[in-house]
>>> print(open('input19.txt').read())   # compact mmCIF, C-alpha atoms and all ligand atoms
# COMPACT_ATOMS: atom_id res chain seq x y z
CA MET O 251 116.07 98.22 124.26
CA ILE O 252 114.98 100.51 121.48
CA GLY O 253 111.74 101.40 123.26
CA GLN O 254 113.57 102.46 126.40
CA ALA O 255 115.84 104.67 124.39
CA CYS O 256 112.98 106.82 123.11
CA TYR O 257 112.64 109.44 125.78
CA PRO O 258 115.76 110.05 127.81
CA PRO O 259 114.98 110.99 131.43
CA PRO O 260 115.20 114.76 132.05
CA ASP O 261 118.42 114.46 134.02
CA SER O 262 120.06 112.97 130.99
CA ALA O 263 120.46 116.53 129.75
CA LEU O 264 123.92 116.55 131.13
CA VAL O 265 124.93 113.23 129.70
CA VAL O 266 127.84 113.69 127.41
CA SER O 267 127.52 111.68 124.27
CA CYS O 268 130.21 110.71 121.89
CA ALA O 269 129.60 110.39 118.20
CA LEU O 270 132.00 109.04 115.66
CA GLU O 271 132.11 111.41 112.75
CA LEU O 272 132.31 109.33 109.63
CA ILE O 273 133.78 112.23 107.78
CA GLY O 274 137.28 112.73 109.07
CA LEU O 275 136.89 109.83 111.52
CA THR O 276 137.28 112.14 114.53
CA MET O 277 135.48 111.71 117.86
CA VAL O 278 133.17 114.65 118.62
CA ARG O 279 131.79 115.27 122.13
CA SER O 280 128.44 117.04 122.41
CA MET O 281 126.12 117.93 125.28
CA THR O 282 122.71 116.27 125.08
CA LYS O 283 120.02 118.94 125.22
CA ALA O 284 116.87 118.25 127.17
CA PRO O 285 113.89 118.39 124.85
CA SER O 286 111.73 121.41 125.61
CA PRO O 287 108.25 120.39 126.73
CA PRO O 288 106.09 120.21 123.61
CA ASP O 289 103.80 123.22 123.26
CA PHE O 290 101.20 121.08 121.49
CA GLU O 291 99.91 117.51 121.66
CA LEU O 292 98.51 115.67 118.66
CA THR O 293 95.96 112.92 119.20
CA PRO O 294 97.01 109.29 118.68
CA ALA O 295 94.40 108.99 115.91
CA CYS O 296 95.89 111.95 114.06
CA LEU O 297 99.42 110.53 114.39
CA ALA O 298 98.34 107.03 113.35
CA ALA O 299 96.67 108.46 110.22
CA ALA O 300 99.96 110.19 109.39
CA PHE O 301 101.86 106.91 109.96
CA ALA O 302 99.57 105.23 107.42
CA GLN O 303 100.14 108.07 104.97
CA ALA O 304 103.94 107.87 105.34
CA LEU O 305 103.77 104.11 104.77
CA ALA O 306 101.67 104.56 101.62
CA LEU O 307 104.16 107.13 100.31
CA ALA O 308 107.01 104.65 100.83
CA ARG O 309 105.06 101.72 99.33
CA ALA O 310 104.53 103.63 96.10
CA PHE O 311 108.28 103.31 95.48
CA GLU O 312 108.72 99.72 96.67
CA GLY O 313 110.97 98.19 93.98
CA ALA O 314 112.21 101.53 92.64
CA THR O 315 114.90 102.50 95.12
CA ALA O 316 117.54 99.72 95.21
CA PRO O 317 120.07 99.60 96.71
CA ASN O 318 118.30 102.06 99.02
CA PRO O 319 115.08 101.31 100.91
CA PRO O 320 111.73 102.91 100.08
CA VAL O 321 110.99 105.58 102.71
CA GLY O 322 108.09 107.98 103.25
CA CYS O 323 107.83 111.16 105.32
CA VAL O 324 104.90 113.32 106.41
CA LEU O 325 105.29 116.74 108.05
CA LEU O 326 102.49 117.95 110.29
CA ASP O 327 101.83 121.32 111.90
CA ALA O 328 100.96 121.87 115.56
CA ALA O 329 97.29 121.30 114.78
CA GLY O 330 97.95 118.01 113.02
CA ALA O 331 97.39 119.31 109.49
CA VAL O 332 99.67 117.92 106.76
CA VAL O 333 102.27 120.55 105.85
CA ALA O 334 104.09 118.51 103.19
CA THR O 335 104.97 114.94 102.23
CA GLY O 336 107.96 113.27 100.59
CA ALA O 337 109.26 109.89 99.48
CA HIS O 338 112.61 108.48 98.44
CA GLU O 339 111.92 107.77 94.77
CA ARG O 340 115.19 106.21 93.54
CA ALA O 341 118.87 105.94 94.49
CA GLY O 342 120.53 109.33 94.12
CA ALA O 343 117.25 111.24 94.52
CA PRO O 344 116.56 113.16 97.77
CA HIS O 345 115.72 111.14 100.84
CA ALA O 346 112.11 111.28 102.01
CA GLU O 347 112.75 113.82 104.78
CA ALA O 348 114.68 116.13 102.43
CA ALA O 349 111.93 115.78 99.81
CA ALA O 350 109.22 116.64 102.35
CA LEU O 351 111.18 119.62 103.69
CA ALA O 352 111.77 120.87 100.13
CA ALA O 353 108.05 120.52 99.40
CA ALA O 354 107.27 122.46 102.59
CA ARG O 355 109.65 125.21 101.49
CA ALA O 356 108.13 125.32 98.02
CA ALA O 357 104.67 125.66 99.58
CA LEU O 358 105.97 128.42 101.92
CA SER O 359 104.88 126.22 104.87
CA PHE O 360 108.34 125.27 106.17
CA ASP O 361 107.93 127.37 109.33
CA ARG O 362 104.75 125.46 110.26
CA ALA O 363 106.38 122.01 110.32
CA ARG O 364 106.36 120.75 113.93
CA VAL O 365 106.13 116.97 113.60
CA ALA O 366 107.97 114.65 111.21
CA ILE O 367 106.67 111.12 110.65
CA VAL O 368 109.18 108.82 108.91
CA THR O 369 109.13 105.12 108.04
CA LEU O 370 112.88 104.79 108.72
CA GLU O 371 115.28 106.40 111.18
CA PRO O 372 116.74 109.49 109.49
CA CYS O 373 120.26 108.92 108.24
CA ASN O 374 123.10 110.58 110.09
CA HIS O 375 125.87 110.18 107.55
CA HIS O 376 126.98 111.64 104.27
CA GLY O 377 126.13 109.26 101.42
CA ARG O 378 125.06 110.38 97.98
CA THR O 379 122.94 112.98 99.77
CA PRO O 380 123.57 115.00 102.99
CA PRO O 381 122.38 113.60 106.36
CA CYS O 382 118.65 113.85 106.95
CA THR O 383 119.24 114.57 110.63
CA ALA O 384 120.95 117.82 109.61
CA ALA O 385 118.08 118.68 107.27
CA LEU O 386 115.48 118.08 110.00
CA LEU O 387 117.49 120.17 112.45
CA THR O 388 117.17 123.17 110.13
CA ALA O 389 113.37 122.95 110.48
CA PRO O 390 111.19 123.92 113.46
CA VAL O 391 110.29 120.24 113.87
CA GLN O 392 110.00 119.33 117.57
CA GLN O 393 108.73 115.75 117.40
CA ILE O 394 109.96 112.96 115.17
CA TRP O 395 108.12 109.64 114.94
CA ILE O 396 110.22 106.80 113.46
CA ALA O 397 108.81 103.41 112.37
CA CYS O 398 112.11 101.47 112.25
CA ARG O 399 115.68 101.94 113.40
CA ASP O 400 118.23 101.84 110.58
CA PRO O 401 119.15 98.13 110.22
CA ASN O 402 122.31 98.85 108.25
CA PRO O 403 125.34 97.89 110.39
CA GLY O 404 127.52 99.72 107.88
CA VAL O 405 126.21 103.12 108.96
CA ALA O 406 125.21 102.11 112.51
CA GLY O 407 122.14 104.38 112.69
CA GLY O 408 122.73 107.15 115.18
CA GLY O 409 120.07 109.41 113.67
CA LEU O 410 117.75 108.98 116.64
CA GLU O 411 120.53 109.77 119.13
CA ARG O 412 121.68 112.80 117.16
CA LEU O 413 118.19 114.26 116.99
CA ARG O 414 117.68 113.67 120.70
CA ALA O 415 121.04 115.18 121.49
CA GLU O 416 119.76 118.31 119.77
CA GLY O 417 116.70 118.42 122.01
CA ARG O 418 114.11 116.89 119.68
CA HIS O 419 111.46 114.48 120.95
CA VAL O 420 112.04 111.21 119.11
CA ARG O 421 109.58 108.34 119.45
CA LEU O 422 108.92 105.01 117.77
CA TRP O 423 105.60 104.30 116.05
CA ALA O 424 105.10 101.10 118.06
CA ASP O 425 105.09 103.18 121.27
CA LEU O 426 102.08 105.27 120.25
CA ALA O 427 99.06 104.54 122.42
CA HIS O 428 96.83 103.68 119.45
CA GLU O 429 95.37 100.30 118.54
CA GLY O 430 96.72 100.46 114.97
CA ALA O 431 100.22 101.70 115.73
CA LYS O 432 101.96 98.35 116.26
CA ALA O 433 100.54 96.92 113.04
CA LEU O 434 101.65 100.00 111.10
CA ALA O 435 105.14 99.66 112.59
CA ALA O 436 105.18 95.96 111.61
CA ASP O 437 104.10 96.87 108.05
CA ALA O 438 106.94 99.39 107.88
CA GLU O 439 109.34 96.73 109.13
CA ARG O 440 108.15 94.34 106.38
CA LEU O 441 108.53 97.05 103.76
CA LEU O 442 112.10 97.51 104.93
CA ALA O 443 112.83 93.73 105.05
CA PRO O 444 114.63 93.50 101.66
CA PHE O 445 116.90 96.38 102.66
CA THR O 446 117.43 94.80 106.07
CA ARG O 447 118.32 91.42 104.53
CA HIS O 448 120.68 93.03 101.99
CA SER O 449 122.42 95.43 104.34
CA ARG O 450 123.00 92.76 106.98
CA THR O 451 123.95 89.78 104.78
CA GLY O 452 124.75 91.11 101.30
CA MET O 453 122.06 88.75 99.98
CA PRO O 454 118.76 89.78 98.41
CA PHE O 455 115.34 89.12 99.94
CA VAL O 456 113.91 86.13 98.02
CA THR O 457 110.20 85.86 97.33
CA VAL O 458 108.99 82.57 95.85
CA LYS O 459 105.69 82.65 93.97
CA GLN O 460 104.03 79.30 93.42
CA ALA O 461 100.63 78.51 91.92
CA LEU O 462 99.01 75.15 92.53
CA THR O 463 95.95 73.44 91.02
CA PRO O 464 93.45 71.90 93.42
CA SER O 465 95.31 68.59 92.98
CA GLY O 466 98.62 70.25 93.96
CA SER O 467 100.22 70.44 90.49
CA MET O 468 102.15 73.45 89.22
CA ILE O 469 101.74 72.45 85.57
CA PRO O 470 99.08 74.23 83.46
CA GLY O 471 96.88 72.20 81.16
CA PRO O 472 97.84 71.61 77.52
CA GLY O 473 98.03 74.87 75.54
CA GLN O 474 97.84 77.00 78.70
CA LYS O 475 100.46 79.16 80.42
CA THR O 476 98.47 79.70 83.58
CA PHE O 477 95.50 78.32 85.49
CA THR O 478 94.78 81.04 88.06
CA GLY O 479 92.32 83.92 87.85
CA ALA O 480 92.60 87.64 87.16
CA MET O 481 93.18 88.65 90.78
CA ALA O 482 96.07 86.20 91.09
CA LEU O 483 97.58 87.48 87.84
CA ASP O 484 97.38 91.04 89.14
CA LEU O 485 99.20 89.90 92.25
CA ALA O 486 101.94 88.27 90.14
CA HIS O 487 102.55 91.55 88.34
CA HIS O 488 102.51 93.45 91.63
CA LEU O 489 105.20 91.07 92.92
CA ARG O 490 107.30 91.64 89.78
CA ARG O 491 106.91 95.40 90.19
CA ARG O 492 108.45 95.35 93.65
CA ALA O 493 111.32 93.01 92.59
CA ASP O 494 114.69 94.06 91.19
CA ALA O 495 115.28 90.66 89.58
CA VAL O 496 113.29 87.62 88.42
CA LEU O 497 114.82 84.17 88.83
CA THR O 498 113.56 81.25 86.72
CA GLY O 499 114.60 77.88 85.35
CA SER O 500 115.21 76.68 81.83
CA GLY O 501 112.18 74.36 82.05
CA THR O 502 109.76 77.29 82.44
CA ILE O 503 111.27 79.16 79.53
CA ILE O 504 111.20 76.15 77.24
CA ALA O 505 107.60 75.33 78.19
CA ASP O 506 106.07 78.81 78.27
CA ASP O 507 108.30 81.39 76.50
CA PRO O 508 107.33 83.86 79.32
CA LEU O 509 107.71 87.63 78.99
CA PHE O 510 108.33 88.35 82.72
CA THR O 511 107.45 92.03 82.19
CA VAL O 512 105.19 94.10 84.46
CA ARG O 513 101.96 94.69 82.56
CA ARG O 514 98.87 94.41 84.73
CA VAL O 515 99.99 97.18 87.12
CA ALA O 516 101.88 100.38 86.30
CA ASP O 517 105.62 99.80 86.49
CA HIS O 518 108.22 102.21 87.90
CA VAL O 519 109.37 104.63 85.23
CA GLY O 520 112.72 103.60 83.74
CA LYS O 521 112.99 100.46 85.89
CA ARG O 522 115.43 97.79 84.60
CA ARG O 523 115.40 94.31 86.07
CA ILE O 524 117.78 91.39 85.93
CA LEU O 525 116.39 88.11 84.56
CA VAL O 526 118.34 85.17 85.96
CA ILE O 527 117.91 81.84 84.16
CA LEU O 528 119.26 78.71 85.85
CA ASP O 529 120.28 76.54 82.94
CA ARG O 530 123.27 74.30 83.52
CA ARG O 531 122.76 72.45 80.25
CA ARG O 532 122.33 75.70 78.25
CA ARG O 533 119.05 74.57 76.75
CA VAL O 534 117.57 78.06 76.47
CA MET O 535 117.91 79.33 72.90
CA PRO O 536 119.88 82.51 72.14
CA ALA O 537 116.75 83.93 70.49
CA TYR O 538 114.96 83.93 73.88
CA LEU O 539 117.91 85.63 75.58
CA GLU O 540 118.03 88.31 72.86
CA ALA O 541 114.28 88.90 73.03
CA ALA O 542 114.42 89.24 76.85
CA ALA O 543 117.25 91.78 76.52
CA ALA O 544 115.16 93.67 73.95
CA ARG O 545 112.32 93.81 76.52
CA GLY O 546 114.72 95.65 78.88
CA PHE O 547 116.17 92.84 80.99
CA ASP O 548 119.79 92.35 81.89
CA VAL O 549 119.90 88.60 81.26
CA TRP O 550 122.14 86.31 83.30
CA VAL O 551 122.45 82.57 82.61
CA GLU O 552 123.62 80.86 85.79
CA ASP O 553 124.44 77.37 87.11
CA ASP O 554 123.99 77.65 90.87
CA ILE O 555 121.23 79.19 93.00
CA GLU O 556 123.47 80.46 95.80
CA ILE O 557 126.12 81.89 93.52
CA ALA O 558 123.44 83.64 91.46
CA LEU O 559 121.88 85.14 94.60
CA ARG O 560 125.27 86.32 95.87
CA ARG O 561 125.96 87.98 92.51
CA LEU O 562 122.56 89.65 92.65
CA GLY O 563 123.25 90.96 96.14
CA HIS O 564 126.59 92.25 94.98
CA ALA O 565 124.83 94.08 92.15
CA GLY O 566 122.66 95.89 94.70
CA VAL O 567 119.50 93.83 94.17
CA LEU O 568 117.25 94.05 97.22
CA GLU O 569 114.46 91.66 96.18
CA VAL O 570 114.34 88.67 93.81
CA LEU O 571 111.11 87.06 92.66
CA VAL O 572 111.38 83.34 91.91
CA GLU O 573 108.95 82.41 89.12
CA ALA O 574 109.97 78.89 88.23
CA GLY O 575 108.52 75.44 87.69
CA PRO O 576 108.41 72.62 90.23
CA ALA O 577 112.09 71.60 89.85
CA LEU O 578 113.65 74.95 90.70
CA THR O 579 110.89 76.10 93.06
CA SER O 580 111.34 73.05 95.25
CA ALA O 581 115.14 73.43 95.15
CA VAL O 582 114.87 77.05 96.34
CA LEU O 583 112.33 76.23 99.04
CA ALA O 584 114.50 73.34 100.28
CA GLY O 585 117.48 75.67 100.67
CA PRO O 586 118.31 78.41 103.17
CA HIS O 587 117.87 81.46 100.96
CA TRP O 588 114.15 82.17 100.61
CA ASP O 589 112.31 84.74 102.72
CA GLU O 590 108.69 84.83 101.60
CA HIS O 591 106.60 82.12 99.96
CA VAL O 592 103.51 83.36 98.14
CA LEU O 593 101.30 80.37 97.49
CA ILE O 594 98.25 80.62 95.22
CA ARG O 595 95.82 77.75 95.27
CA GLN O 596 93.39 77.61 92.38
CA GLY O 597 89.77 77.49 93.43
CA ALA O 598 88.41 73.93 93.45
CA ARG O 599 85.61 75.00 91.09
CA ALA O 600 85.40 77.65 88.37
CA ASP O 601 83.09 79.75 90.57
CA LEU O 602 85.51 79.72 93.54
CA ALA O 603 88.24 82.34 93.91
CA ASP O 604 91.92 81.43 94.16
CA ALA O 605 93.28 81.43 97.72
CA VAL O 606 96.51 83.25 98.50
CA SER O 607 98.71 82.61 101.52
CA VAL O 608 102.01 84.24 102.34
CA ILE O 609 104.55 82.57 104.60
CA ARG O 610 107.43 84.64 105.78
CA ARG O 611 110.37 82.66 107.04
CA GLY O 612 111.59 83.62 110.48
CA ALA O 613 108.91 86.17 111.19
CA ASN O 614 105.35 86.10 112.33
CA LEU O 615 104.36 89.36 110.73
CA PRO O 616 101.40 90.69 108.78
CA LEU O 617 101.04 89.30 105.32
CA ILE O 618 102.43 91.41 102.51
CA PRO O 619 101.73 92.17 99.74
CA LYS O 620 98.35 93.66 100.40
CA GLY O 621 97.52 94.24 96.76
CA PRO O 622 94.83 92.27 95.06
CA PRO O 623 95.26 88.64 95.60
CA CYS O 624 98.94 84.88 90.59
CA SER O 625 100.47 82.72 88.29
CA LEU O 626 102.79 82.87 85.44
CA GLU O 627 101.95 84.84 82.37
N1 LIG Y 1 102.49 76.99 88.75
C1 LIG Y 1 103.53 77.80 88.78
O1 LIG Y 1 103.67 78.62 89.68
C2 LIG Y 1 104.56 77.73 87.69
C3 LIG Y 1 105.56 78.70 87.59
C4 LIG Y 1 106.49 78.58 86.60
C5 LIG Y 1 106.44 77.51 85.73
N2 LIG Y 1 105.44 76.58 85.85
C6 LIG Y 1 105.38 75.42 84.97
O2 LIG Y 1 106.49 74.60 85.28
C7 LIG Y 1 106.77 73.81 84.12
C8 LIG Y 1 108.25 73.68 83.95
O3 LIG Y 1 108.75 72.96 85.07
P1 LIG Y 1 110.29 72.75 85.34
O4 LIG Y 1 110.40 72.15 86.68
O5 LIG Y 1 110.93 72.05 84.17
O6 LIG Y 1 110.81 74.27 85.28
P2 LIG Y 1 111.91 75.09 86.10
O7 LIG Y 1 111.94 74.66 87.51
O8 LIG Y 1 111.62 76.50 85.82
O9 LIG Y 1 113.27 74.72 85.39
C9 LIG Y 1 113.90 73.51 85.71
C10 LIG Y 1 115.30 73.52 85.19
O10 LIG Y 1 116.08 74.45 85.93
C11 LIG Y 1 117.44 74.03 85.90
N3 LIG Y 1 118.09 74.14 87.21
C12 LIG Y 1 119.24 74.76 87.49
N4 LIG Y 1 119.56 74.65 88.77
C13 LIG Y 1 118.64 73.89 89.32
C14 LIG Y 1 118.46 73.41 90.63
N5 LIG Y 1 119.30 73.69 91.64
N6 LIG Y 1 117.39 72.65 90.87
C15 LIG Y 1 116.52 72.37 89.89
N7 LIG Y 1 116.64 72.81 88.61
C16 LIG Y 1 117.69 73.58 88.35
C17 LIG Y 1 117.43 72.59 85.44
O11 LIG Y 1 118.01 72.57 84.16
P3 LIG Y 1 119.60 72.24 84.09
O12 LIG Y 1 119.77 70.91 84.73
O13 LIG Y 1 119.94 72.26 82.64
O14 LIG Y 1 120.28 73.31 84.84
C18 LIG Y 1 115.97 72.22 85.37
O15 LIG Y 1 115.68 71.32 84.30
C19 LIG Y 1 106.05 74.48 82.95
O16 LIG Y 1 104.95 73.69 82.58
C20 LIG Y 1 105.54 75.78 83.54
O17 LIG Y 1 104.33 76.18 82.99
C21 LIG Y 1 104.51 76.66 86.81
>>> encode(input="input19.txt", output="structure tokens")
Amino acid sequence: MIGQACYPPPDSALVVSCALELIGLTMVRSMTKAPSPPDFELTPACLAAAFAQALALARAFEGATAPNPPVGCVLLDAAGAVVATGAHERAGAPHAEAAALAAARAALSFDRARVAIVTLEPCNHHGRTPPCTAALLTAPVQQIWIACRDPNPGVAGGGLERLRAEGRHVRLWADLAHEGAKALAADAERLLAPFTRHSRTGMPFVTVKQALTPSGSMIPGPGQKTFTGAMALDLAHHLRRRADAVLTGSGTIIADDPLFTVRRVADHVGKRRILVILDRRRRVMPAYLEAAAARGFDVWVEDDIEIALRRLGHAGVLEVLVEAGPALTSAVLAGPHWDEHVLIRQGARADLADAVSVIRRGANLPLIPKGPPCSLE
């Protein structure tokens, strides 16, 4: 029903809407204003290009924002030129809309902003920062294009309705008459998936990375820690970059002494991850745990997959990357808690590239990540 809710019919101007004010918990009645007819029309191609730009802005901070989602915002003028951009860079920092509006102010272009493109419905509640709906309402923005409704039942969205009630045109990306719009909306939905999983269930989004030899083995040859190529290794580090925690088993640590740091791609500045080691028999040596802590990890030694994942969710972790050997990988994949399975198959011959496939449980959506096509290092 989200699509139908985009443009209220003109006679809805007199519909009285009720909004629950979170602050003070009082019911406030407000008259819905009819949006004024837009005095400009941007082409679908121009809007779709801005959707892609907003998505790229958000993606740059994928893995940096927990427990918040990565969000991007682009402000356009009435001719479709970019006025300013913004992204949510980390929890406690300004939201994407506020960042873009501040950038527009700093560039003395605030008065030109007519269209806001955002990857997530603007928030309508006071959290660590003021509501983005209020910030947008201070600007001359007439049209707001949203990729995804806020999935968080705890705050119950309401940003779209509030903006409409104030006479703004609010539309969803998927409703744009452009061949690329639905795919861009689906990409934004995938980018939001860890936040969606966490805010709805309290559990993190679990990505399982698994590399296989042509014969289907996960075990590298003698003296080796990996058997996949450079592109697959880059992908592994990209997956670590977007994760808030790495989950592994004692067998991998004993066999490989892995670093689990992000090295082949630039990491988020100041990012700290949790390294969870499933080790019921406590076979991992204290020296490994100390060295991992010295590399910047918060190290947890755990006994149970589900309990570990619940603890991670409770700690605000949005995404966990499972980098384990066959014993733990198969246990995770046999259970109910994984979301995305990134499978790397080594090329059958040295001159053949590794093949990457991504299976997302419960969704038939575009494959993410889109970075270079991994293995343990
Ligand atoms: N190809 C790849 O993608 C890849 C990735 C990582 C590692 N590896 C290779 O995998 C090999 C190690 O294999 P592995 O199977 O021993 O490593 P693993 O799966 O990382 O660790 C297995 C250990 O995890 C512990 N564990 C705790 N809870 C478990 C559960 N629910 N189910 C299963 N295990 C649980 C067990 O020890 P306790 O019983 O003491 O708890 C078990 O011995 C190494 O050669 C490494 O190079 C390959």
>>> residues_near_ligand(input="input19.txt", ligand="ligand LIG 1 (chain Y)", cutoff="7 Å", atoms="all atoms listed in the file", output="PyMOL selection string")
chain O and resi 459-462+468-470+475-476+498-503+505-506+528-533+553-555+573-579+581+625-626
>>> closest_residue(input="input19.txt", among="O:Ala542, O:Ala438, O:Ile557, O:Leu292", to="O:Asp400", atoms="all atoms listed in the file")
O:Ala438
>>> closest_residue(input="input19.txt", among="O:Leu370, O:Arg514, O:Lys283, O:Ser359", to="O:Gly322", atoms="all atoms listed in the file")
O:Leu370
>>> residues_around(input="input19.txt", residues="stretch 588-603 of chain O", least_positions_apart="4", cutoff="7 Å", atoms="all atoms listed in the file", output="ChimeraX atom specification")
/O:455-464,478,582-583,607-611,624
>>> atom_distance(input="input19.txt", atom1="atom CA of O:Leu297", atom2="atom CA of O:Ala397")
12.0 Å
>>> atom_distance(input="input19.txt", atom1="atom CA of O:Val567", atom2="atom CA of O:Ala433")
26.9 Å
>>> closest_atom_pairs(input="input19.txt", of="stretch 262-379 of chain O", to="stretch 447-452 of chain O", cutoff="12 Å", atoms="all atoms listed in the file", output="JSON lines")
{"residue": "O:Ala316", "atom": "CA", "partner": "O:His448", "partner_atom": "CA", "distance": 10.0}
{"residue": "O:Pro317", "atom": "CA", "partner": "O:His448", "partner_atom": "CA", "distance": 8.5}
{"residue": "O:Asn318", "atom": "CA", "partner": "O:Ser449", "partner_atom": "CA", "distance": 9.4}
{"residue": "O:Pro319", "atom": "CA", "partner": "O:Ser449", "partner_atom": "CA", "distance": 10.0}
>>> atom_distance(input="input19.txt", atom1="atom CA of O:Asp517", atom2="atom CA of O:Leu568")
16.8 Å
>>> residues_near_point(input="input19.txt", point="(107.4, 100.2, 90.2)", cutoff="6 Å", atoms="all atoms listed in the file", output="ChimeraX atom specification")
/O:313-314,491,517-518
>>> closest_residue(input="input19.txt", among="O:Leu426, O:Ala480, O:Ala363, O:Ala353", to="O:Ala299", atoms="all atoms listed in the file")
O:Leu426
>>> closest_residue(input="input19.txt", among="O:Thr383, O:Ser467, O:Thr369, O:Thr511", to="O:Leu441", atoms="all atoms listed in the file")
O:Thr369
>>> closest_residue(input="input19.txt", among="O:Arg364, O:Gln303, O:Glu371, O:Gly377", to="O:Arg421", atoms="all atoms listed in the file")
O:Glu371
>>> residues_around(input="input19.txt", residues="stretch 343-346 of chain O", least_positions_apart="4", cutoff="7 Å", atoms="only C-alpha atoms", output="ChimeraX atom specification")
/O:321-323,336-339,350,379
>>> write_last_selection(input="input19.txt", atoms="C-alpha atoms", output="tab-separated table (two decimals), in the frame of the given file")
chain	number	residue	atom	x	y	z
O	321	VAL	CA	110.99	105.58	102.71
O	322	GLY	CA	108.09	107.98	103.25
O	323	CYS	CA	107.83	111.16	105.32
O	336	GLY	CA	107.96	113.27	100.59
O	337	ALA	CA	109.26	109.89	99.48
O	338	HIS	CA	112.61	108.48	98.44
O	339	GLU	CA	111.92	107.77	94.77
O	350	ALA	CA	109.22	116.64	102.35
O	379	THR	CA	122.94	112.98	99.77
>>> closest_residue(input="input19.txt", among="O:Glu416, O:Asp548, O:Glu439, O:Glu540", to="O:Ile396", atoms="all atoms listed in the file")
O:Glu439
